[in-house]
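S.K.: I have a structure here, written as structure tokens, and I will follow up with some questions on it.
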Amino acid sequence: MYTIMLVDDEKGIRDSIKAKINWEEAGFQIAYEASSGGEALELLEKGPLPEVLLSDIRMPKMNGIELISICKERYPGLRTAVLSGYSDFEYLKAAIQLGVKDYLLKPVARGELTEMLRRLAEDIRSEQDRLRASERERHQKNEQLLMLQEHYLLQLVKDEWYSLSAVKERLQQLQLAPLAADGFKARFAAVEMRIPPDRLGVTRERRDLMNLAFQMLCRETASRREGIYPFPEIAHSSMMYFLIVMEDGRPENSAEKFVAELKRNIAEYLNVDSVAGIGEKAEGWDALKNGYASCMLAWSRSTVHEHKESGQTGLLELTNAFTPEMERRLVQAIENLDMPAFRRQLQTVFSTERDTPVFAFTFLALRMLLLFSSVAKKFELGDSSLQKYLWNCQMTISDYQSREGIMGQIDELAGLVMEEVKKTRFSSGQHIVEAVRQYVEENFCYELNLSSLADMFHLNETYLSGLFKQHVGVTFSDYVTGLRIAKAEQLLRENELKLTDIAMLVGYSSSSYFSTVFKKACGKSPKEYREDYLLKSR
């Protein structure tokens, strides 16, 4: 039912118009009446706004044209129609120039009134359909964008980076510009939902629903505060991480306030306990993974009754031996299966020359586990049992009470990861190509080039190029293009996103270049592809 405001200085005319038809059958309701332009504006100010304003043109003090002109400025979404006499032609022209949707000549005929209302109802429905479609498109775009944002944030804290410049460029593309700023400062928080063993029985579906509700609650709570970016732990769906930007002027305890609010929401809406940890401030991109590891250390030492910070002021400074360069050397030793070199680098990190307390050893062990997980993800094919084992080690590493126990665990895990690397790198060319292909399939929407991948997998670029074509059947560039085009086709068929958005989501910074590549691959432009698909599916 649509609402109308009827404005005329003569009550008899208003009553006559109201009696002309069955308004409810026409889909309308006269919600307001006004005898002057001033009275109409007062009613509009109080609200709620009607869908249509039907006003006489000739009224004392403020005529209909003046009223409509003010309404156009204050309420641009309000539809307007006018009542006019045969001698009001000049007024009517002015009304049309102001965007008046329709008009009725006095005396009002029943048929003309009914027809005008039909046109107005059709116009309102069309506009509502357009707004709903626009909202669906915005929602779909936001969902796709949020998914990519979360996936990329998880990659940043767990995987290798191509380069800092590539990281910042991708952050800009994903509308995460605050994270790409110079002087970037942030803290991480980890929050885990704890479902009692007897709460939902052993039904996997119910646990999955509970985990989904937990993740949605985390995202909703984070969305109410600026500068908080949630992302899930893929290996543990009842765990969520939060990157909390520490801008100038923002309270130092903003992370603590957010975590306290989230824990209250989890208890109130999901009726379960949660465990949380807050890391130290990471200043600059070199400290990003250390900041994440400090939050994991705090989480591992927390209980359902008390969430902890990393617990030790200056932890990141104390453990500054774990630099990006040191991480690169450790990865290189593991991937080259050089255990002596790995142990030498490990001794540098876990130096016996300084008095490093056990809590700092635990922190460094978590950094090593992140490193191991990153390497295992690259080289483990077919299953993820090693990655799962490494995740379980993250959950129990704080149980070790001695440096010797921690070092022994790290040495054992390094051997397991090296075995996985060995199986992939030296079993056959097909295995290493499969590892590269697996990496490409997960990252095709980012900037990829063969040279960087060759370095990442310790291969000669020319050798990798030939090996890839031999085992996959197409060149590396054609394979990446094929993945991007296949994803683009899927998004075009869904008919929810603009072409510029699709181009970005599949890895093209330029929509024109995306259109050129798509037309070359499919024989038609993205627009033509979408139109043809929609035509065939009718």
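Letters A, B, ... go to the chains of the structure tokens in the order shown; residues in each chain start at 1; ligands are counted from 1 in the same order.
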Please report, as an NGL selection string, each residue of range 228-431 of chain A to which DSSP assigns strand (DSSP E or B) when run on this structure's backbone.
M.R.: :A and (228-232 or 239-245 or 273-278 or 282-283 or 303 or 306 or 308-309)
S.K.: Got a sec: who's within 6 Å of range 177-190 of chain A, counting only C-alpha atoms, leaving out chain neighbours fewer than 2 positions off, as a list in words?
M.R.: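 Here the qualifying residues turn out to be Lys168, Leu171, Gln172, Gln175, Met240, Tyr241, Phe242, Leu243, Ile244, Val245, Met246, Ala276, Gly277, Ile278, Gly279, Glu280, Lys281, Ala282, Glu283, Gly284, Tyr292 and Cys295 of chain A.
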S.K.: Include C-alpha atoms and write out the residues we just selected as a PDB file, in the first residue's frame.
M.R.:
```pdb
ATOM      1  CA  LYS A 168      50.561  -2.673  -0.784  1.00  0.00           C
ATOM      2  CA  LEU A 171      45.737  -3.944  -0.380  1.00  0.00           C
ATOM      3  CA  GLN A 172      44.741  -0.884  -2.403  1.00  0.00           C
ATOM      4  CA  GLN A 175      39.966  -1.436  -0.571  1.00  0.00           C
ATOM      5  CA  MET A 240      38.623 -15.734  14.369  1.00  0.00           C
ATOM      6  CA  TYR A 241      41.465 -13.254  14.114  1.00  0.00           C
ATOM      7  CA  PHE A 242      41.233  -9.463  14.088  1.00  0.00           C
ATOM      8  CA  LEU A 243      43.729  -6.962  12.732  1.00  0.00           C
ATOM      9  CA  ILE A 244      43.174  -3.762  14.723  1.00  0.00           C
ATOM     10  CA  VAL A 245      44.701  -0.610  13.236  1.00  0.00           C
ATOM     11  CA  MET A 246      46.253   1.656  15.877  1.00  0.00           C
ATOM     12  CA  ALA A 276      40.879 -14.591  23.584  1.00  0.00           C
ATOM     13  CA  GLY A 277      44.395 -13.231  23.299  1.00  0.00           C
ATOM     14  CA  ILE A 278      45.673  -9.786  22.292  1.00  0.00           C
ATOM     15  CA  GLY A 279      49.097  -9.290  20.765  1.00  0.00           C
ATOM     16  CA  GLU A 280      51.579  -6.458  21.094  1.00  0.00           C
ATOM     17  CA  LYS A 281      51.633  -3.474  18.788  1.00  0.00           C
ATOM     18  CA  ALA A 282      53.392  -4.247  15.511  1.00  0.00           C
ATOM     19  CA  GLU A 283      55.010  -1.153  14.028  1.00  0.00           C
ATOM     20  CA  GLY A 284      55.817  -1.510  10.348  1.00  0.00           C
ATOM     21  CA  TYR A 292      50.348 -12.027  14.924  1.00  0.00           C
ATOM     22  CA  CYS A 295      48.564 -12.654  19.811  1.00  0.00           C
TER      23      CYS A 295
END
```
S.K.: If we count only C-alpha atoms, what is near Val272 in chain A at a cut-off of 10 Å, once residues fewer than 6 positions away on the same chain are taken out, given as number ranges by chain?
M.R.: A: 193-196, 199, 214, 263-266, 304
S.K.: Would you compute the distance between CA of Leu330 in chain A and CA of Phe342 in chain A? Give it in Å to one decimal.
M.R.: 5.8 Å
S.K.: Give me the residues near Met407 in chain A as number ranges by chain, where near means some atom within 10 Å (using only C-alpha atoms) and where sequence neighbours in that chain fewer than 6 positions away do not count.
M.R.: A: 346-347, 350, 361-362, 365, 400, 413
S.K.: Keeping only all heavy atoms, write those residues as a PDB file, in the first residue's frame.
M.R.:
```pdb
ATOM      1  N   LEU A 346      68.891 -21.449  13.436  1.00  0.00           N
ATOM      2  CA  LEU A 346      68.050 -21.590  14.616  1.00  0.00           C
ATOM      3  C   LEU A 346      68.798 -21.144  15.867  1.00  0.00           C
ATOM      4  O   LEU A 346      68.217 -20.507  16.754  1.00  0.00           O
ATOM      5  CB  LEU A 346      67.597 -23.046  14.749  1.00  0.00           C
ATOM      6  CG  LEU A 346      66.354 -23.312  15.599  1.00  0.00           C
ATOM      7  CD1 LEU A 346      65.140 -22.621  14.980  1.00  0.00           C
ATOM      8  CD2 LEU A 346      66.107 -24.812  15.694  1.00  0.00           C
ATOM      9  N   GLN A 347      70.074 -21.458  15.919  1.00  0.00           N
ATOM     10  CA  GLN A 347      70.872 -21.040  17.074  1.00  0.00           C
ATOM     11  C   GLN A 347      70.992 -19.522  17.147  1.00  0.00           C
ATOM     12  O   GLN A 347      71.101 -18.944  18.232  1.00  0.00           O
ATOM     13  CB  GLN A 347      72.270 -21.672  16.995  1.00  0.00           C
ATOM     14  CG  GLN A 347      72.295 -23.158  17.299  1.00  0.00           C
ATOM     15  CD  GLN A 347      71.777 -23.480  18.701  1.00  0.00           C
ATOM     16  OE1 GLN A 347      72.044 -22.753  19.650  1.00  0.00           O
ATOM     17  NE2 GLN A 347      71.027 -24.578  18.812  1.00  0.00           N
ATOM     18  N   PHE A 350      67.455 -18.507  18.545  1.00  0.00           N
ATOM     19  CA  PHE A 350      67.348 -18.925  19.940  1.00  0.00           C
ATOM     20  C   PHE A 350      68.727 -18.833  20.595  1.00  0.00           C
ATOM     21  O   PHE A 350      69.270 -19.815  21.075  1.00  0.00           O
ATOM     22  CB  PHE A 350      66.826 -20.359  20.035  1.00  0.00           C
ATOM     23  CG  PHE A 350      65.395 -20.516  19.592  1.00  0.00           C
ATOM     24  CD1 PHE A 350      65.093 -20.688  18.255  1.00  0.00           C
ATOM     25  CD2 PHE A 350      64.355 -20.492  20.507  1.00  0.00           C
ATOM     26  CE1 PHE A 350      63.783 -20.842  17.832  1.00  0.00           C
ATOM     27  CE2 PHE A 350      63.038 -20.640  20.095  1.00  0.00           C
ATOM     28  CZ  PHE A 350      62.748 -20.807  18.757  1.00  0.00           C
ATOM     29  N   PHE A 361      60.871 -17.853  24.303  1.00  0.00           N
ATOM     30  CA  PHE A 361      61.123 -19.059  23.516  1.00  0.00           C
ATOM     31  C   PHE A 361      59.811 -19.578  22.925  1.00  0.00           C
ATOM     32  O   PHE A 361      59.764 -20.019  21.773  1.00  0.00           O
ATOM     33  CB  PHE A 361      61.761 -20.144  24.398  1.00  0.00           C
ATOM     34  CG  PHE A 361      63.255 -20.194  24.295  1.00  0.00           C
ATOM     35  CD1 PHE A 361      64.021 -19.147  24.755  1.00  0.00           C
ATOM     36  CD2 PHE A 361      63.893 -21.288  23.724  1.00  0.00           C
ATOM     37  CE1 PHE A 361      65.408 -19.185  24.656  1.00  0.00           C
ATOM     38  CE2 PHE A 361      65.274 -21.330  23.616  1.00  0.00           C
ATOM     39  CZ  PHE A 361      66.038 -20.268  24.090  1.00  0.00           C
ATOM     40  N   THR A 362      58.758 -19.521  23.716  1.00  0.00           N
ATOM     41  CA  THR A 362      57.451 -19.981  23.228  1.00  0.00           C
ATOM     42  C   THR A 362      56.985 -19.116  22.063  1.00  0.00           C
ATOM     43  O   THR A 362      56.465 -19.609  21.061  1.00  0.00           O
ATOM     44  CB  THR A 362      56.409 -19.929  24.351  1.00  0.00           C
ATOM     45  OG1 THR A 362      56.888 -20.666  25.473  1.00  0.00           O
ATOM     46  CG2 THR A 362      55.085 -20.518  23.901  1.00  0.00           C
ATOM     47  N   ALA A 365      58.946 -20.004  19.072  1.00  0.00           N
ATOM     48  CA  ALA A 365      58.488 -21.305  18.569  1.00  0.00           C
ATOM     49  C   ALA A 365      57.223 -21.136  17.732  1.00  0.00           C
ATOM     50  O   ALA A 365      57.053 -21.794  16.700  1.00  0.00           O
ATOM     51  CB  ALA A 365      58.228 -22.252  19.735  1.00  0.00           C
ATOM     52  N   TYR A 400      55.031 -26.614  26.922  1.00  0.00           N
ATOM     53  CA  TYR A 400      56.434 -26.926  27.214  1.00  0.00           C
ATOM     54  C   TYR A 400      56.970 -25.974  28.276  1.00  0.00           C
ATOM     55  O   TYR A 400      56.789 -24.759  28.191  1.00  0.00           O
ATOM     56  CB  TYR A 400      57.270 -26.822  25.934  1.00  0.00           C
ATOM     57  CG  TYR A 400      57.039 -27.968  24.984  1.00  0.00           C
ATOM     58  CD1 TYR A 400      56.043 -27.892  24.008  1.00  0.00           C
ATOM     59  CD2 TYR A 400      57.797 -29.126  25.052  1.00  0.00           C
ATOM     60  CE1 TYR A 400      55.809 -28.941  23.134  1.00  0.00           C
ATOM     61  CE2 TYR A 400      57.571 -30.193  24.184  1.00  0.00           C
ATOM     62  CZ  TYR A 400      56.580 -30.092  23.231  1.00  0.00           C
ATOM     63  OH  TYR A 400      56.351 -31.131  22.366  1.00  0.00           O
ATOM     64  N   LEU A 413      59.897 -31.102  14.092  1.00  0.00           N
ATOM     65  CA  LEU A 413      58.982 -30.583  13.082  1.00  0.00           C
ATOM     66  C   LEU A 413      59.717 -30.179  11.811  1.00  0.00           C
ATOM     67  O   LEU A 413      59.216 -30.375  10.700  1.00  0.00           O
ATOM     68  CB  LEU A 413      58.196 -29.394  13.642  1.00  0.00           C
ATOM     69  CG  LEU A 413      57.212 -29.719  14.769  1.00  0.00           C
ATOM     70  CD1 LEU A 413      56.618 -28.434  15.347  1.00  0.00           C
ATOM     71  CD2 LEU A 413      56.098 -30.636  14.270  1.00  0.00           C
TER      72      LEU A 413
END
```
S.K.: Quick check, in Å to one decimal: how far apart do CA of Gly291 in chain A and CA of Val440 in chain A lie?
M.R.: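 Computing it gives 27.7 Å between the two atoms.
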S.K.: Would you mind writing down, as JSON, numbers by chain, each residue of range 473-537 of chain A that DSSP on the backbone assigns to helix (DSSP H, G or I)?
M.R.: {"A": [476, 477, 478, 479, 480, 481, 482, 483, 484, 485, 486, 487, 488, 489, 490, 491, 492, 493, 494, 499, 500, 501, 502, 503, 504, 505, 511, 512, 513, 514, 515, 516, 517, 518, 519, 520, 521, 522, 526, 527, 528, 529, 530, 531, 532, 533, 534, 535, 536]}
S.K.: Next, dump the selected residues to file, keeping only N, CA and C atoms, as a compact mmCIF listing (two decimals), in the first residue's frame.
M.R.:
```txt
# COMPACT_ATOMS: atom_id res chain seq x y z
N PHE A 476 52.26 -21.56 -18.93
CA PHE A 476 51.90 -20.99 -17.63
C PHE A 476 50.95 -19.82 -17.78
N SER A 477 51.26 -18.88 -18.68
CA SER A 477 50.41 -17.69 -18.85
C SER A 477 49.02 -18.07 -19.34
N ASP A 478 48.92 -19.06 -20.25
CA ASP A 478 47.61 -19.50 -20.73
C ASP A 478 46.81 -20.16 -19.61
N TYR A 479 47.52 -20.87 -18.72
CA TYR A 479 46.83 -21.53 -17.61
C TYR A 479 46.23 -20.49 -16.65
N VAL A 480 47.02 -19.48 -16.31
CA VAL A 480 46.53 -18.42 -15.43
C VAL A 480 45.36 -17.70 -16.07
N THR A 481 45.50 -17.39 -17.36
CA THR A 481 44.40 -16.72 -18.07
C THR A 481 43.15 -17.58 -18.06
N GLY A 482 43.31 -18.88 -18.26
CA GLY A 482 42.17 -19.79 -18.26
C GLY A 482 41.44 -19.79 -16.92
N LEU A 483 42.20 -19.80 -15.83
CA LEU A 483 41.59 -19.74 -14.50
C LEU A 483 40.81 -18.44 -14.31
N ARG A 484 41.42 -17.34 -14.74
CA ARG A 484 40.76 -16.04 -14.57
C ARG A 484 39.50 -15.94 -15.43
N ILE A 485 39.58 -16.42 -16.66
CA ILE A 485 38.42 -16.35 -17.55
C ILE A 485 37.29 -17.23 -17.03
N ALA A 486 37.62 -18.42 -16.53
CA ALA A 486 36.60 -19.33 -15.99
C ALA A 486 35.88 -18.68 -14.81
N LYS A 487 36.64 -18.03 -13.93
CA LYS A 487 36.03 -17.34 -12.79
C LYS A 487 35.19 -16.17 -13.27
N ALA A 488 35.69 -15.44 -14.27
CA ALA A 488 34.94 -14.31 -14.81
C ALA A 488 33.62 -14.76 -15.43
N GLU A 489 33.64 -15.88 -16.14
CA GLU A 489 32.41 -16.42 -16.73
C GLU A 489 31.38 -16.73 -15.65
N GLN A 490 31.85 -17.32 -14.56
CA GLN A 490 30.94 -17.64 -13.45
C GLN A 490 30.30 -16.37 -12.90
N LEU A 491 31.11 -15.33 -12.67
CA LEU A 491 30.59 -14.09 -12.11
C LEU A 491 29.67 -13.37 -13.10
N LEU A 492 29.96 -13.48 -14.39
CA LEU A 492 29.09 -12.87 -15.40
C LEU A 492 27.74 -13.56 -15.45
N ARG A 493 27.75 -14.89 -15.31
CA ARG A 493 26.49 -15.64 -15.33
C ARG A 493 25.63 -15.31 -14.11
N GLU A 494 26.27 -15.04 -12.99
CA GLU A 494 25.51 -14.69 -11.78
C GLU A 494 24.83 -13.33 -11.91
N LEU A 499 31.20 -4.95 -14.48
CA LEU A 499 32.38 -5.50 -15.16
C LEU A 499 33.68 -5.03 -14.50
N THR A 500 33.71 -3.78 -14.01
CA THR A 500 34.92 -3.29 -13.35
C THR A 500 35.21 -4.09 -12.08
N ASP A 501 34.15 -4.47 -11.36
CA ASP A 501 34.33 -5.27 -10.14
C ASP A 501 34.83 -6.67 -10.49
N ILE A 502 34.26 -7.26 -11.54
CA ILE A 502 34.67 -8.61 -11.95
C ILE A 502 36.13 -8.60 -12.37
N ALA A 503 36.53 -7.57 -13.11
CA ALA A 503 37.93 -7.48 -13.55
C ALA A 503 38.87 -7.50 -12.36
N MET A 504 38.56 -6.72 -11.33
CA MET A 504 39.41 -6.67 -10.13
C MET A 504 39.43 -8.01 -9.41
N LEU A 505 38.26 -8.64 -9.29
CA LEU A 505 38.15 -9.88 -8.52
C LEU A 505 38.92 -11.03 -9.17
N SER A 511 39.94 -2.68 -16.41
CA SER A 511 38.76 -3.33 -16.97
C SER A 511 38.83 -3.41 -18.49
N SER A 512 39.49 -2.45 -19.12
CA SER A 512 39.62 -2.50 -20.58
C SER A 512 40.53 -3.65 -21.01
N TYR A 513 41.62 -3.86 -20.25
CA TYR A 513 42.50 -4.98 -20.58
C TYR A 513 41.79 -6.31 -20.32
N PHE A 514 41.01 -6.36 -19.25
CA PHE A 514 40.22 -7.56 -18.97
C PHE A 514 39.27 -7.86 -20.13
N SER A 515 38.61 -6.84 -20.66
CA SER A 515 37.68 -7.04 -21.78
C SER A 515 38.41 -7.55 -23.01
N THR A 516 39.61 -7.02 -23.25
CA THR A 516 40.40 -7.47 -24.40
C THR A 516 40.78 -8.94 -24.27
N VAL A 517 41.27 -9.32 -23.08
CA VAL A 517 41.67 -10.72 -22.85
C VAL A 517 40.46 -11.64 -22.93
N PHE A 518 39.35 -11.22 -22.35
CA PHE A 518 38.13 -12.04 -22.34
C PHE A 518 37.63 -12.27 -23.77
N LYS A 519 37.60 -11.22 -24.57
CA LYS A 519 37.10 -11.35 -25.95
C LYS A 519 38.01 -12.26 -26.76
N LYS A 520 39.30 -12.17 -26.54
CA LYS A 520 40.23 -13.04 -27.26
C LYS A 520 40.00 -14.50 -26.88
N ALA A 521 39.69 -14.75 -25.61
CA ALA A 521 39.50 -16.13 -25.14
C ALA A 521 38.12 -16.68 -25.50
N CYS A 522 37.09 -15.84 -25.46
CA CYS A 522 35.71 -16.32 -25.61
C CYS A 522 35.04 -15.92 -26.92
N PRO A 526 32.86 -9.28 -22.47
CA PRO A 526 32.14 -9.68 -21.25
C PRO A 526 30.67 -9.25 -21.27
N LYS A 527 30.40 -8.05 -21.77
CA LYS A 527 29.02 -7.57 -21.85
C LYS A 527 28.19 -8.46 -22.77
N GLU A 528 28.75 -8.79 -23.95
CA GLU A 528 28.03 -9.65 -24.90
C GLU A 528 27.83 -11.05 -24.32
N TYR A 529 28.83 -11.55 -23.60
CA TYR A 529 28.73 -12.88 -22.98
C TYR A 529 27.57 -12.89 -22.00
N ARG A 530 27.48 -11.87 -21.14
CA ARG A 530 26.41 -11.80 -20.15
C ARG A 530 25.05 -11.70 -20.83
N GLU A 531 24.94 -10.84 -21.81
CA GLU A 531 23.66 -10.65 -22.51
C GLU A 531 23.21 -11.94 -23.19
N ASP A 532 24.14 -12.64 -23.84
CA ASP A 532 23.80 -13.90 -24.52
C ASP A 532 23.34 -14.94 -23.52
N TYR A 533 24.04 -15.02 -22.37
CA TYR A 533 23.67 -16.01 -21.36
C TYR A 533 22.28 -15.73 -20.80
N LEU A 534 22.01 -14.47 -20.48
CA LEU A 534 20.71 -14.10 -19.93
C LEU A 534 19.59 -14.37 -20.94
N LEU A 535 19.88 -14.12 -22.23
CA LEU A 535 18.87 -14.36 -23.26
C LEU A 535 18.55 -15.85 -23.38
N LYS A 536 19.59 -16.69 -23.32
CA LYS A 536 19.39 -18.15 -23.45
C LYS A 536 18.70 -18.74 -22.22
```
S.K.: Can you measure CA of Leu104 in chain A to CA of Leu131 in chain A for me? One decimal in Å is fine.
M.R.: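 Separating CA of Leu104 in chain A from CA of Leu131 in chain A is a distance of 28.2 Å.
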S.K.: Could you check the closest approach to Ser69 in chain A for each of A:Leu416, A:Leu41, A:Leu371, A:Cys218 and tell me which residue wins, using only C-alpha atoms?
M.R.: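 Using only C-alpha atoms, Ser69 in chain A sits closest to A:Leu41.
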S.K.: Taking into account only C-alpha atoms, which residue in the set A:Ser84, A:Arg219, A:Ile4, A:Gln438 is nearest to Glu143 in chain A?
M.R.: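 Using only C-alpha atoms, the shortest distance to Glu143 in chain A belongs to A:Arg219.
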S.K.: Counting only C-alpha atoms, what is within 7 Å of range 147-150 of chain A, bar same-chain residues fewer than 2 positions away, as a ChimeraX atom specification?
M.R.: /A:143-145,152-154,174,230-231
S.K.: Set the distance at 8 Å and use only C-alpha atoms: which residues neighbour range 424-435 of chain A once local chain neighbours fewer than 6 positions away are removed? I'd like the list as an MDAnalysis selection string.
M.R.: chainID A and resid 378:381 464 467:468 471
S.K.: Within 10 Å of Tyr103 in chain A, counting only C-alpha atoms, which residues qualify if same-chain residues fewer than 3 places away don't, as a list in words?
M.R.: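 In the requested format, the answer is Leu54, Ser55, Asp56, Ile57, Thr80, Ala81, Val82, Leu83, Ser84, Leu92, Ala95, Ile96, Val100, Lys106, Glu112, Leu113 and Met116 of chain A.
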S.K.: Mind writing the picked residues with N, CA and C atoms as a compact mmCIF listing (two decimals), in the first residue's frame?
M.R.:
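Final file, out-v5.txt:
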```txt
# COMPACT_ATOMS: atom_id res chain seq x y z
N LEU A 54 0.30 15.03 -3.86
CA LEU A 54 -0.66 15.50 -4.86
C LEU A 54 -1.15 16.87 -4.40
N SER A 55 -0.76 17.93 -5.14
CA SER A 55 -1.02 19.29 -4.67
C SER A 55 -1.71 20.12 -5.75
N ASP A 56 -2.61 20.99 -5.28
CA ASP A 56 -3.20 21.99 -6.16
C ASP A 56 -2.11 22.99 -6.56
N ILE A 57 -2.21 23.53 -7.77
CA ILE A 57 -1.23 24.51 -8.20
C ILE A 57 -1.52 25.88 -7.61
N THR A 80 5.84 13.77 -7.12
CA THR A 80 4.86 14.86 -7.04
C THR A 80 3.92 14.83 -8.23
N ALA A 81 2.67 15.16 -7.97
CA ALA A 81 1.65 15.30 -9.02
C ALA A 81 0.84 16.55 -8.67
N VAL A 82 0.20 17.16 -9.69
CA VAL A 82 -0.49 18.42 -9.43
C VAL A 82 -1.94 18.37 -9.92
N LEU A 83 -2.75 19.22 -9.26
CA LEU A 83 -4.12 19.49 -9.68
C LEU A 83 -4.13 20.86 -10.34
N SER A 84 -4.65 20.95 -11.55
CA SER A 84 -4.62 22.24 -12.25
C SER A 84 -5.91 22.48 -12.99
N LEU A 92 1.65 24.83 -15.11
CA LEU A 92 1.88 23.41 -15.41
C LEU A 92 3.23 23.19 -16.06
N ALA A 95 5.77 23.26 -13.40
CA ALA A 95 5.73 22.04 -12.61
C ALA A 95 6.46 20.89 -13.31
N ILE A 96 6.23 20.79 -14.63
CA ILE A 96 6.89 19.72 -15.40
C ILE A 96 8.40 19.90 -15.35
N VAL A 100 7.63 17.08 -11.97
CA VAL A 100 6.33 16.55 -11.56
C VAL A 100 6.00 15.32 -12.39
N LYS A 106 -8.92 19.85 -13.14
CA LYS A 106 -10.14 20.01 -12.38
C LYS A 106 -11.31 20.28 -13.34
N GLU A 112 -9.60 9.32 -14.95
CA GLU A 112 -8.27 9.94 -15.02
C GLU A 112 -7.49 9.76 -13.71
N LEU A 113 -8.22 9.86 -12.59
CA LEU A 113 -7.56 9.65 -11.29
C LEU A 113 -7.05 8.22 -11.17
N MET A 116 -4.01 7.76 -13.41
CA MET A 116 -2.82 8.40 -12.84
C MET A 116 -2.22 7.57 -11.72
```
